[in-house]
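Following: one structure in structure tokens, then a few remarks.
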Amino acid sequence: MDLPEGLTARPYSAADLDAVFAVAAAQQQHDIGRVDVERADFEADWGRSSFAFDTMTMGVYDGDRMVAFAELIHDGRAEASVLPEYRRRGIGTALAHWAEDAARRQGYTSIGGPQPQGSDGERLLEKLGYEQRWTSWVLQVPEGTAVPHRDLPTGYALREATPDDYQAVHDVVEDAFLEWSVREREPLDDFLAVTVRRPGHEPWMLRVVTDPSGEIVGTAIVVMADDESGQVMEGYVERLAVRKDQRGQGLAQALLVDAFEQARQHGAPRSGLSTDSRTGALSLYEKVGMVVVDTWVNRGIEL
């Protein structure tokens with residue numbers, strides 16, 4: 001890697017969790033004015049069977065201090081952060097080139113990721129030839145906002161999932177997301193690593209809707225986001241999916257409202273989620289009282 005004099009680079013490990021989180025948190029605080037990322041986000045990704053530290057991570061160090069990092073997530077997706085005080089020194093460019101080379105070695109066909117619109121990261125990727133693939137929005141139900149209850153159609157039921165439901169939930173999520181997401185199907189074990197095995201997960205956080213025959217036709221997955229003191233700040237709907245032949249009946253709205261209600265009952269003052277321009281779902285979320293708080297641009301490059 002072509003780094004400024006005095007800096008070094010090497011793959012990191014699970015023991016570097018605090019250092020990776022500190023860099024990511026500092027970047028978010030600088031770019032969007034708050035910290036949404038959690039240590040559990042990294043722990044969950046690192047727990048996937050498809051993840052390998054030695055080939056999919058790279059940290060940049062000033063002495064013993066990590067000042068930047070990058071890691072591969074899957075084909076088409078990488079994450080990277082640079083401490084604000086270390087920017088404009090070529091570190092981001094070096095990490096982008098590392099990610100491209102590492103992705104090629106993994107057999108990936110493209111690489112990229114989301115950056116806050118107009119941020120240093122987004123401008124850098126544009127300069128490096130990364131094309132805009134889609135726009136993403138972070139939405140929230142503001143604290144104190146009342147969200148009207150949504151009734152289900154006759155014969156449908158909404159409940160907490162059980163371990164016997166995991167395969168069906170995975171199928172509903174992957175079938176729905178692969179209608180617009182160009183990637184390989186996520187293995188069940190990787191899905192479980194970032195959902196039910198994610199640190200802090202509790203059974204109530206995985207919600208399902210069943211049809212009159214008892215078959216799972218929709219799901220919502222909730223993550224409870226804490227601040228550094230451990231106080232719950234937000235109930236975040238990580239994934240929301242309804243089977244294609246079951247749409248148009250209000251199931252998604254019912255799942256969303258239920259997720260918000262459950263999160264509030266478990267101490268979250270507000271709820272949030274993200275969506276992007278590929279899904280066409282922005283209006284759905286606005287109908288249940290959500291408002292856009294951030295806009296992100298996903299840029300990528302073919303390999």
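Here, A, B, ... name the chains of the structure tokens in the order displayed, residue numbers run from 1 inside each chain, and ligands are numbered from 1 in the same displayed order.
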
Point to revise | All residues 10 Å or closer to Arg278 (chain A), only C-alpha atoms, same chain fewer than 6 positions away omitted, as a PyMOL selection string | key: chain A and resi 133-136+177+179-181

Go ahead and save the picked residues with all heavy atoms, as a tab-separated table (two decimals), in the first residue's frame.
chain	number	residue	atom	x	y	z
A	133	ARG	N	-24.53	4.20	-7.92
A	133	ARG	CA	-25.38	3.04	-8.20
A	133	ARG	C	-26.81	3.28	-7.73
A	133	ARG	O	-27.76	2.93	-8.41
A	133	ARG	CB	-24.78	1.80	-7.53
A	133	ARG	CG	-23.38	1.46	-8.03
A	133	ARG	CD	-22.88	0.12	-7.55
A	133	ARG	NE	-22.59	0.10	-6.12
A	133	ARG	CZ	-21.91	-0.88	-5.50
A	133	ARG	NH1	-21.44	-1.91	-6.22
A	133	ARG	NH2	-21.68	-0.85	-4.20
A	134	TRP	N	-26.97	3.83	-6.54
A	134	TRP	CA	-28.30	4.16	-6.03
A	134	TRP	C	-28.17	5.13	-4.86
A	134	TRP	O	-27.07	5.40	-4.37
A	134	TRP	CB	-29.06	2.90	-5.61
A	134	TRP	CG	-28.39	2.07	-4.56
A	134	TRP	CD1	-28.42	2.22	-3.20
A	134	TRP	CD2	-27.58	0.90	-4.78
A	134	TRP	NE1	-27.69	1.26	-2.57
A	134	TRP	CE2	-27.16	0.42	-3.51
A	134	TRP	CE3	-27.19	0.21	-5.92
A	134	TRP	CZ2	-26.36	-0.70	-3.37
A	134	TRP	CZ3	-26.38	-0.91	-5.77
A	134	TRP	CH2	-25.99	-1.36	-4.52
A	135	THR	N	-29.30	5.67	-4.45
A	135	THR	CA	-29.37	6.58	-3.31
A	135	THR	C	-30.09	5.87	-2.17
A	135	THR	O	-31.05	5.14	-2.39
A	135	THR	CB	-30.15	7.85	-3.69
A	135	THR	OG1	-29.48	8.50	-4.77
A	135	THR	CG2	-30.24	8.81	-2.50
A	136	SER	N	-29.59	6.08	-0.95
A	136	SER	CA	-30.21	5.49	0.24
A	136	SER	C	-30.66	6.61	1.18
A	136	SER	O	-30.07	7.69	1.20
A	136	SER	CB	-29.23	4.58	0.98
A	136	SER	OG	-28.78	3.53	0.16
A	177	PHE	N	-35.41	-9.52	-1.28
A	177	PHE	CA	-34.28	-8.62	-1.53
A	177	PHE	C	-33.63	-8.89	-2.88
A	177	PHE	O	-33.11	-7.97	-3.52
A	177	PHE	CB	-33.26	-8.76	-0.41
A	177	PHE	CG	-33.58	-7.94	0.82
A	177	PHE	CD1	-34.82	-8.04	1.44
A	177	PHE	CD2	-32.65	-7.06	1.35
A	177	PHE	CE1	-35.13	-7.29	2.56
A	177	PHE	CE2	-32.96	-6.29	2.48
A	177	PHE	CZ	-34.20	-6.41	3.09
A	179	GLU	N	-35.04	-9.54	-5.57
A	179	GLU	CA	-35.81	-8.99	-6.68
A	179	GLU	C	-35.14	-7.75	-7.24
A	179	GLU	O	-35.32	-7.41	-8.41
A	179	GLU	CB	-37.23	-8.63	-6.21
A	179	GLU	CG	-38.10	-9.83	-5.88
A	179	GLU	CD	-39.45	-9.41	-5.32
A	179	GLU	OE1	-39.90	-8.28	-5.64
A	179	GLU	OE2	-40.05	-10.17	-4.55
A	180	TRP	N	-34.36	-7.04	-6.40
A	180	TRP	CA	-33.72	-5.80	-6.84
A	180	TRP	C	-32.24	-5.72	-6.53
A	180	TRP	O	-31.53	-4.88	-7.06
A	180	TRP	CB	-34.43	-4.58	-6.23
A	180	TRP	CG	-34.69	-4.70	-4.76
A	180	TRP	CD1	-35.84	-5.12	-4.16
A	180	TRP	CD2	-33.79	-4.39	-3.69
A	180	TRP	NE1	-35.70	-5.11	-2.79
A	180	TRP	CE2	-34.46	-4.65	-2.47
A	180	TRP	CE3	-32.48	-3.92	-3.64
A	180	TRP	CZ2	-33.86	-4.47	-1.23
A	180	TRP	CZ3	-31.87	-3.73	-2.40
A	180	TRP	CH2	-32.58	-4.00	-1.22
A	181	SER	N	-31.73	-6.59	-5.68
A	181	SER	CA	-30.32	-6.57	-5.30
A	181	SER	C	-29.55	-7.58	-6.15
A	181	SER	O	-29.89	-8.76	-6.18
A	181	SER	CB	-30.17	-6.92	-3.81
A	181	SER	OG	-28.82	-6.91	-3.42

**Study point:** Residues within 9 Å of Ala96 (chain A), only C-alpha atoms, excluding chain neighbours under 3 positions, as a list in words
**Key:** Ala70, Ala80, Ile91, Gly92, Thr93, Ala99, Glu100, Asp101, Gly112, Leu125 and Leu128 of chain A

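Nearest residue to Tyr12 (chain A) among A:Ala25, A:Val138, A:Val297, A:Met56 is A:Met56, counting only C-alpha atoms.
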
Review point. Smallest atom-to-atom distance to Gln253 (chain A): which of A:Glu174, A:Asp189, A:Asp151, A:Asp227, using only C-alpha atoms?
Key: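 Of all the options, A:Asp151 lies closest to Gln253 (chain A).
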
Exercise for review: Find the residues around Arg48 (chain A) up to 10 Å (only C-alpha atoms counted), leave out those fewer than 5 positions away in its own chain, and share them as a PyMOL selection string.
Suggested key: chain A and resi 43+73+187-194+197

Point to revise | Selection near Lys244 (chain A), 10 Å with only C-alpha atoms, sequence-local residues under 2 positions removed, as number ranges by chain | key: A: 172, 175-176, 179, 217-218, 241-242, 246-248

Save the residues we just selected, all heavy atoms, as a PDB file, in the first residue's frame?
ATOM      1  N   VAL A 172     -38.003 -15.845   2.861  1.00  0.00           N
ATOM      2  CA  VAL A 172     -38.818 -14.667   2.567  1.00  0.00           C
ATOM      3  C   VAL A 172     -37.936 -13.445   2.337  1.00  0.00           C
ATOM      4  O   VAL A 172     -38.125 -12.683   1.384  1.00  0.00           O
ATOM      5  CB  VAL A 172     -39.830 -14.401   3.699  1.00  0.00           C
ATOM      6  CG1 VAL A 172     -40.478 -13.019   3.541  1.00  0.00           C
ATOM      7  CG2 VAL A 172     -40.908 -15.473   3.716  1.00  0.00           C
ATOM      8  N   ASP A 175     -35.716 -13.958  -0.997  1.00  0.00           N
ATOM      9  CA  ASP A 175     -36.536 -13.874  -2.202  1.00  0.00           C
ATOM     10  C   ASP A 175     -36.938 -12.433  -2.486  1.00  0.00           C
ATOM     11  O   ASP A 175     -36.925 -11.975  -3.643  1.00  0.00           O
ATOM     12  CB  ASP A 175     -37.798 -14.734  -2.053  1.00  0.00           C
ATOM     13  CG  ASP A 175     -37.501 -16.225  -2.091  1.00  0.00           C
ATOM     14  OD1 ASP A 175     -36.376 -16.601  -2.479  1.00  0.00           O
ATOM     15  OD2 ASP A 175     -38.393 -17.016  -1.721  1.00  0.00           O
ATOM     16  N   ALA A 176     -37.276 -11.688  -1.432  1.00  0.00           N
ATOM     17  CA  ALA A 176     -37.702 -10.298  -1.609  1.00  0.00           C
ATOM     18  C   ALA A 176     -36.531  -9.398  -1.994  1.00  0.00           C
ATOM     19  O   ALA A 176     -36.617  -8.608  -2.947  1.00  0.00           O
ATOM     20  CB  ALA A 176     -38.368  -9.787  -0.333  1.00  0.00           C
ATOM     21  N   GLU A 179     -35.039  -9.545  -5.568  1.00  0.00           N
ATOM     22  CA  GLU A 179     -35.814  -8.985  -6.678  1.00  0.00           C
ATOM     23  C   GLU A 179     -35.140  -7.746  -7.243  1.00  0.00           C
ATOM     24  O   GLU A 179     -35.321  -7.409  -8.413  1.00  0.00           O
ATOM     25  CB  GLU A 179     -37.225  -8.632  -6.211  1.00  0.00           C
ATOM     26  CG  GLU A 179     -38.104  -9.826  -5.876  1.00  0.00           C
ATOM     27  CD  GLU A 179     -39.453  -9.405  -5.316  1.00  0.00           C
ATOM     28  OE1 GLU A 179     -39.902  -8.284  -5.641  1.00  0.00           O
ATOM     29  OE2 GLU A 179     -40.053 -10.171  -4.545  1.00  0.00           O
ATOM     30  N   VAL A 217     -45.219 -15.390   5.652  1.00  0.00           N
ATOM     31  CA  VAL A 217     -45.256 -14.640   4.393  1.00  0.00           C
ATOM     32  C   VAL A 217     -44.643 -13.250   4.534  1.00  0.00           C
ATOM     33  O   VAL A 217     -44.565 -12.508   3.550  1.00  0.00           O
ATOM     34  CB  VAL A 217     -46.706 -14.524   3.869  1.00  0.00           C
ATOM     35  CG1 VAL A 217     -47.255 -15.901   3.525  1.00  0.00           C
ATOM     36  CG2 VAL A 217     -47.599 -13.810   4.882  1.00  0.00           C
ATOM     37  N   GLY A 218     -44.210 -12.883   5.738  1.00  0.00           N
ATOM     38  CA  GLY A 218     -43.585 -11.581   5.932  1.00  0.00           C
ATOM     39  C   GLY A 218     -42.789 -11.560   7.217  1.00  0.00           C
ATOM     40  O   GLY A 218     -43.038 -12.366   8.128  1.00  0.00           O
ATOM     41  N   ALA A 241     -39.544  -7.555   4.930  1.00  0.00           N
ATOM     42  CA  ALA A 241     -39.826  -8.256   3.677  1.00  0.00           C
ATOM     43  C   ALA A 241     -41.200  -8.912   3.730  1.00  0.00           C
ATOM     44  O   ALA A 241     -41.603  -9.444   4.772  1.00  0.00           O
ATOM     45  CB  ALA A 241     -38.764  -9.319   3.398  1.00  0.00           C
ATOM     46  N   VAL A 242     -41.894  -8.868   2.612  1.00  0.00           N
ATOM     47  CA  VAL A 242     -43.174  -9.558   2.433  1.00  0.00           C
ATOM     48  C   VAL A 242     -43.110 -10.329   1.125  1.00  0.00           C
ATOM     49  O   VAL A 242     -42.609  -9.815   0.116  1.00  0.00           O
ATOM     50  CB  VAL A 242     -44.345  -8.561   2.409  1.00  0.00           C
ATOM     51  CG1 VAL A 242     -45.654  -9.270   2.038  1.00  0.00           C
ATOM     52  CG2 VAL A 242     -44.487  -7.854   3.755  1.00  0.00           C
ATOM     53  N   GLN A 246     -48.078 -11.810  -1.640  1.00  0.00           N
ATOM     54  CA  GLN A 246     -48.863 -11.394  -0.490  1.00  0.00           C
ATOM     55  C   GLN A 246     -48.887  -9.870  -0.307  1.00  0.00           C
ATOM     56  O   GLN A 246     -49.427  -9.376   0.681  1.00  0.00           O
ATOM     57  CB  GLN A 246     -48.300 -12.040   0.781  1.00  0.00           C
ATOM     58  CG  GLN A 246     -48.410 -13.553   0.811  1.00  0.00           C
ATOM     59  CD  GLN A 246     -49.828 -14.018   1.074  1.00  0.00           C
ATOM     60  OE1 GLN A 246     -50.613 -13.330   1.713  1.00  0.00           O
ATOM     61  NE2 GLN A 246     -50.169 -15.210   0.583  1.00  0.00           N
ATOM     62  N   ARG A 247     -48.328  -9.147  -1.237  1.00  0.00           N
ATOM     63  CA  ARG A 247     -48.251  -7.694  -1.100  1.00  0.00           C
ATOM     64  C   ARG A 247     -49.575  -7.028  -1.471  1.00  0.00           C
ATOM     65  O   ARG A 247     -50.437  -7.637  -2.087  1.00  0.00           O
ATOM     66  CB  ARG A 247     -47.100  -7.151  -1.954  1.00  0.00           C
ATOM     67  CG  ARG A 247     -45.749  -7.650  -1.466  1.00  0.00           C
ATOM     68  CD  ARG A 247     -44.603  -7.290  -2.395  1.00  0.00           C
ATOM     69  NE  ARG A 247     -43.407  -8.072  -2.035  1.00  0.00           N
ATOM     70  CZ  ARG A 247     -42.346  -8.222  -2.812  1.00  0.00           C
ATOM     71  NH1 ARG A 247     -42.309  -7.639  -4.000  1.00  0.00           N
ATOM     72  NH2 ARG A 247     -41.316  -8.949  -2.407  1.00  0.00           N
ATOM     73  N   GLY A 248     -49.699  -5.779  -1.061  1.00  0.00           N
ATOM     74  CA  GLY A 248     -50.913  -5.028  -1.361  1.00  0.00           C
ATOM     75  C   GLY A 248     -52.028  -5.227  -0.350  1.00  0.00           C
ATOM     76  O   GLY A 248     -53.156  -4.766  -0.571  1.00  0.00           O
TER      77      GLY A 248
END

Point to revise | Polymer residues at most 10 Å from Pro148 (chain A), only C-alpha atoms, same-chain spacing of 4 or more positions, as a PyMOL selection string | key: chain A and resi 254+257+288-289

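Interatomic distance, CA of Ile216 (chain A) against CA of Trp204 (chain A): 15.9 Å.
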
**Study point:** Nearest-residue call for Thr195 (chain A), choices A:Val182, A:Leu95, A:Val237, A:Ala268, using only C-alpha atoms
**Key:**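 The answer is A:Val237, which sits nearest to Thr195 (chain A).
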
**Study point:** Minimum-distance residue to Glu85 (chain A), chosen among A:Thr162, A:Gln27, A:Gln106, A:Thr275 (using only C-alpha atoms)
**Key:** A:Gln27

Practice item. Go ahead and compute the interatomic distance for CA of Gly250 (chain A) and CA of Tyr285 (chain A), in Å to one decimal. Key: 12.1 Å

Check your understanding: Hey, what's within 7 Å of region 117-124 of chain A if we count only C-alpha atoms and toss same-chain stuff fewer than 6 positions away? As a ChimeraX atom specification, please?
Key -> /A:31,295-297

Selection above as a file: N, CA and C atoms, as an mmCIF file, in the first residue's frame:
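Final output, saved to again_23.cif:
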data_model
loop_
_atom_site.group_PDB
_atom_site.id
_atom_site.type_symbol
_atom_site.label_atom_id
_atom_site.label_comp_id
_atom_site.auth_asym_id
_atom_site.auth_seq_id
_atom_site.Cartn_x
_atom_site.Cartn_y
_atom_site.Cartn_z
ATOM 1 N N ASP A 31 -19.170 13.199 9.872
ATOM 2 C CA ASP A 31 -19.901 13.294 8.605
ATOM 3 C C ASP A 31 -21.390 13.546 8.764
ATOM 4 N N THR A 295 -29.224 11.333 3.801
ATOM 5 C CA THR A 295 -29.177 10.793 2.451
ATOM 6 C C THR A 295 -27.765 10.291 2.179
ATOM 7 N N TRP A 296 -27.681 9.060 1.707
ATOM 8 C CA TRP A 296 -26.395 8.420 1.407
ATOM 9 C C TRP A 296 -26.346 8.081 -0.080
ATOM 10 N N VAL A 297 -25.152 8.106 -0.638
ATOM 11 C CA VAL A 297 -24.941 7.755 -2.041
ATOM 12 C C VAL A 297 -24.102 6.489 -2.094
#

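Proximity ranking of A:Glu302, A:Asp226, A:Asp18, A:Asp294 relative to Ser274 (chain A) places A:Asp294 first, based on only C-alpha atoms.
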
Practice item. Write out as a list of chain:residue names each polymer residue whose atoms come within 12 Å of Arg39 (chain A), counting only C-alpha atoms; drop sequence neighbours fewer than 4 positions from it. Key: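 Non-adjacent residues within range: A:Ala14, A:Asp16, A:Leu17, A:Asp18, A:Ala19, A:Val20, A:Phe21, A:Ala22, A:Val23, A:Ala24, A:Ala25, A:Val35, A:Glu43, A:Ala44, A:Asp45, A:Trp46, A:Arg198, A:Pro199, A:Gly200, A:Ala225, A:Asp226, A:Asp227, A:Glu228, A:Gly230.
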
For N, CA, C and O atoms, I'd like the residues from the last selection saved as an mmCIF file, in the first residue's frame.
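For reference, selection-v8.cif as written:
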data_model
loop_
_atom_site.group_PDB
_atom_site.id
_atom_site.type_symbol
_atom_site.label_atom_id
_atom_site.label_comp_id
_atom_site.auth_asym_id
_atom_site.auth_seq_id
_atom_site.Cartn_x
_atom_site.Cartn_y
_atom_site.Cartn_z
ATOM 1 N N ALA A 14 -10.304 -9.874 15.608
ATOM 2 C CA ALA A 14 -11.414 -9.598 16.521
ATOM 3 C C ALA A 14 -10.949 -8.832 17.753
ATOM 4 O O ALA A 14 -11.729 -8.094 18.367
ATOM 5 N N ASP A 16 -9.222 -6.302 17.762
ATOM 6 C CA ASP A 16 -9.152 -4.884 17.425
ATOM 7 C C ASP A 16 -10.534 -4.237 17.336
ATOM 8 O O ASP A 16 -10.681 -3.141 16.776
ATOM 9 N N LEU A 17 -11.538 -4.890 17.904
ATOM 10 C CA LEU A 17 -12.910 -4.382 17.809
ATOM 11 C C LEU A 17 -13.019 -2.940 18.285
ATOM 12 O O LEU A 17 -13.617 -2.097 17.599
ATOM 13 N N ASP A 18 -12.468 -2.621 19.440
ATOM 14 C CA ASP A 18 -12.596 -1.262 19.974
ATOM 15 C C ASP A 18 -11.930 -0.239 19.056
ATOM 16 O O ASP A 18 -12.445 0.874 18.868
ATOM 17 N N ALA A 19 -10.790 -0.598 18.483
ATOM 18 C CA ALA A 19 -10.083 0.326 17.599
ATOM 19 C C ALA A 19 -10.870 0.576 16.311
ATOM 20 O O ALA A 19 -10.983 1.719 15.847
ATOM 21 N N VAL A 20 -11.417 -0.484 15.730
ATOM 22 C CA VAL A 20 -12.217 -0.340 14.508
ATOM 23 C C VAL A 20 -13.454 0.507 14.788
ATOM 24 O O VAL A 20 -13.788 1.434 14.028
ATOM 25 N N PHE A 21 -14.124 0.202 15.886
ATOM 26 C CA PHE A 21 -15.313 0.978 16.234
ATOM 27 C C PHE A 21 -14.975 2.448 16.442
ATOM 28 O O PHE A 21 -15.721 3.339 16.003
ATOM 29 N N ALA A 22 -13.858 2.743 17.110
ATOM 30 C CA ALA A 22 -13.488 4.133 17.382
ATOM 31 C C ALA A 22 -13.293 4.920 16.085
ATOM 32 O O ALA A 22 -13.731 6.083 15.981
ATOM 33 N N VAL A 23 -12.670 4.304 15.077
ATOM 34 C CA VAL A 23 -12.464 4.986 13.800
ATOM 35 C C VAL A 23 -13.809 5.206 13.092
ATOM 36 O O VAL A 23 -14.092 6.303 12.597
ATOM 37 N N ALA A 24 -14.651 4.173 13.061
ATOM 38 C CA ALA A 24 -15.947 4.295 12.395
ATOM 39 C C ALA A 24 -16.824 5.331 13.088
ATOM 40 O O ALA A 24 -17.512 6.125 12.430
ATOM 41 N N ALA A 25 -16.815 5.339 14.417
ATOM 42 C CA ALA A 25 -17.628 6.291 15.171
ATOM 43 C C ALA A 25 -17.162 7.723 14.935
ATOM 44 O O ALA A 25 -17.977 8.640 14.776
ATOM 45 N N VAL A 35 -23.470 9.250 16.037
ATOM 46 C CA VAL A 35 -22.890 7.914 15.856
ATOM 47 C C VAL A 35 -24.019 6.895 15.819
ATOM 48 O O VAL A 35 -24.694 6.670 16.825
ATOM 49 N N GLU A 43 -19.192 -7.095 15.156
ATOM 50 C CA GLU A 43 -19.167 -8.451 15.705
ATOM 51 C C GLU A 43 -20.050 -9.390 14.890
ATOM 52 O O GLU A 43 -19.691 -10.543 14.649
ATOM 53 N N ALA A 44 -21.226 -8.891 14.476
ATOM 54 C CA ALA A 44 -22.135 -9.728 13.691
ATOM 55 C C ALA A 44 -21.537 -10.055 12.329
ATOM 56 O O ALA A 44 -21.547 -11.218 11.890
ATOM 57 N N ASP A 45 -20.988 -9.056 11.646
ATOM 58 C CA ASP A 45 -20.374 -9.305 10.342
ATOM 59 C C ASP A 45 -19.186 -10.252 10.470
ATOM 60 O O ASP A 45 -18.992 -11.149 9.640
ATOM 61 N N TRP A 46 -18.393 -10.067 11.504
ATOM 62 C CA TRP A 46 -17.214 -10.909 11.684
ATOM 63 C C TRP A 46 -17.586 -12.338 12.072
ATOM 64 O O TRP A 46 -16.767 -13.258 11.933
ATOM 65 N N ARG A 198 -26.531 -12.044 16.452
ATOM 66 C CA ARG A 198 -25.968 -10.719 16.673
ATOM 67 C C ARG A 198 -25.969 -10.410 18.168
ATOM 68 O O ARG A 198 -26.954 -10.671 18.853
ATOM 69 N N PRO A 199 -24.878 -9.864 18.720
ATOM 70 C CA PRO A 199 -24.871 -9.522 20.145
ATOM 71 C C PRO A 199 -26.051 -8.620 20.504
ATOM 72 O O PRO A 199 -26.339 -7.639 19.809
ATOM 73 N N GLY A 200 -26.759 -8.973 21.582
ATOM 74 C CA GLY A 200 -27.899 -8.184 22.017
ATOM 75 C C GLY A 200 -29.230 -8.649 21.476
ATOM 76 O O GLY A 200 -30.281 -8.141 21.889
ATOM 77 N N ALA A 225 -30.538 -0.220 19.186
ATOM 78 C CA ALA A 225 -29.282 0.522 19.128
ATOM 79 C C ALA A 225 -29.047 1.271 20.430
ATOM 80 O O ALA A 225 -29.902 2.035 20.880
ATOM 81 N N ASP A 226 -27.868 1.043 21.026
ATOM 82 C CA ASP A 226 -27.495 1.689 22.284
ATOM 83 C C ASP A 226 -26.461 2.774 22.042
ATOM 84 O O ASP A 226 -25.733 2.748 21.043
ATOM 85 N N ASP A 227 -26.388 3.740 22.979
ATOM 86 C CA ASP A 227 -25.287 4.691 22.950
ATOM 87 C C ASP A 227 -24.123 4.120 23.757
ATOM 88 O O ASP A 227 -24.172 2.980 24.237
ATOM 89 N N GLU A 228 -23.067 4.894 23.915
ATOM 90 C CA GLU A 228 -21.863 4.397 24.583
ATOM 91 C C GLU A 228 -22.096 4.056 26.051
ATOM 92 O O GLU A 228 -21.370 3.259 26.633
ATOM 93 N N GLY A 230 -24.750 2.561 27.094
ATOM 94 C CA GLY A 230 -25.621 1.396 27.138
ATOM 95 C C GLY A 230 -27.097 1.736 27.123
ATOM 96 O O GLY A 230 -27.942 0.835 27.170
#

Check your understanding: Hey, which of A:Asp164, A:Glu215, A:Asp41, A:Asp54 ends up closest to Pro11 (chain A)? Count only C-alpha atoms.
Key ->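 Selected residue with least distance to Pro11 (chain A): A:Asp54.
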
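Of note, CA of Tyr108 (chain A) and CA of Glu79 (chain A) are spaced 14.8 Å apart.
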
From a backbone DSSP assignment, name each residue in region 219-254 of chain A labelled helix (DSSP H, G or I), as a short mmCIF file (atom, residue, chain, number, x, y, z; two decimals) with N, CA, C and O atoms, in the first residue's frame.
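For reference, out-v1.cif as written:
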data_model
loop_
_atom_site.label_atom_id
_atom_site.label_comp_id
_atom_site.auth_asym_id
_atom_site.auth_seq_id
_atom_site.Cartn_x
_atom_site.Cartn_y
_atom_site.Cartn_z
N LYS A 244 -43.84 -11.81 -2.39
CA LYS A 244 -44.36 -11.05 -3.52
C LYS A 244 -45.86 -11.24 -3.74
O LYS A 244 -46.60 -10.29 -3.98
N ASP A 245 -46.33 -12.49 -3.61
CA ASP A 245 -47.74 -12.76 -3.88
C ASP A 245 -48.66 -12.32 -2.74
O ASP A 245 -49.88 -12.42 -2.85
N GLN A 246 -48.08 -11.81 -1.64
CA GLN A 246 -48.86 -11.39 -0.49
C GLN A 246 -48.89 -9.87 -0.31
O GLN A 246 -49.43 -9.38 0.68
N LEU A 251 -49.60 -5.79 4.82
CA LEU A 251 -48.77 -6.58 5.73
C LEU A 251 -47.49 -5.85 6.12
O LEU A 251 -47.07 -5.91 7.28
N ALA A 252 -46.87 -5.17 5.17
CA ALA A 252 -45.63 -4.46 5.48
C ALA A 252 -45.88 -3.34 6.49
O ALA A 252 -45.10 -3.16 7.43
N GLN A 253 -46.97 -2.60 6.30
CA GLN A 253 -47.28 -1.53 7.25
C GLN A 253 -47.57 -2.11 8.63
O GLN A 253 -47.13 -1.55 9.65
N ALA A 254 -48.29 -3.24 8.68
CA ALA A 254 -48.58 -3.86 9.97
C ALA A 254 -47.31 -4.32 10.66
O ALA A 254 -47.14 -4.16 11.88
#
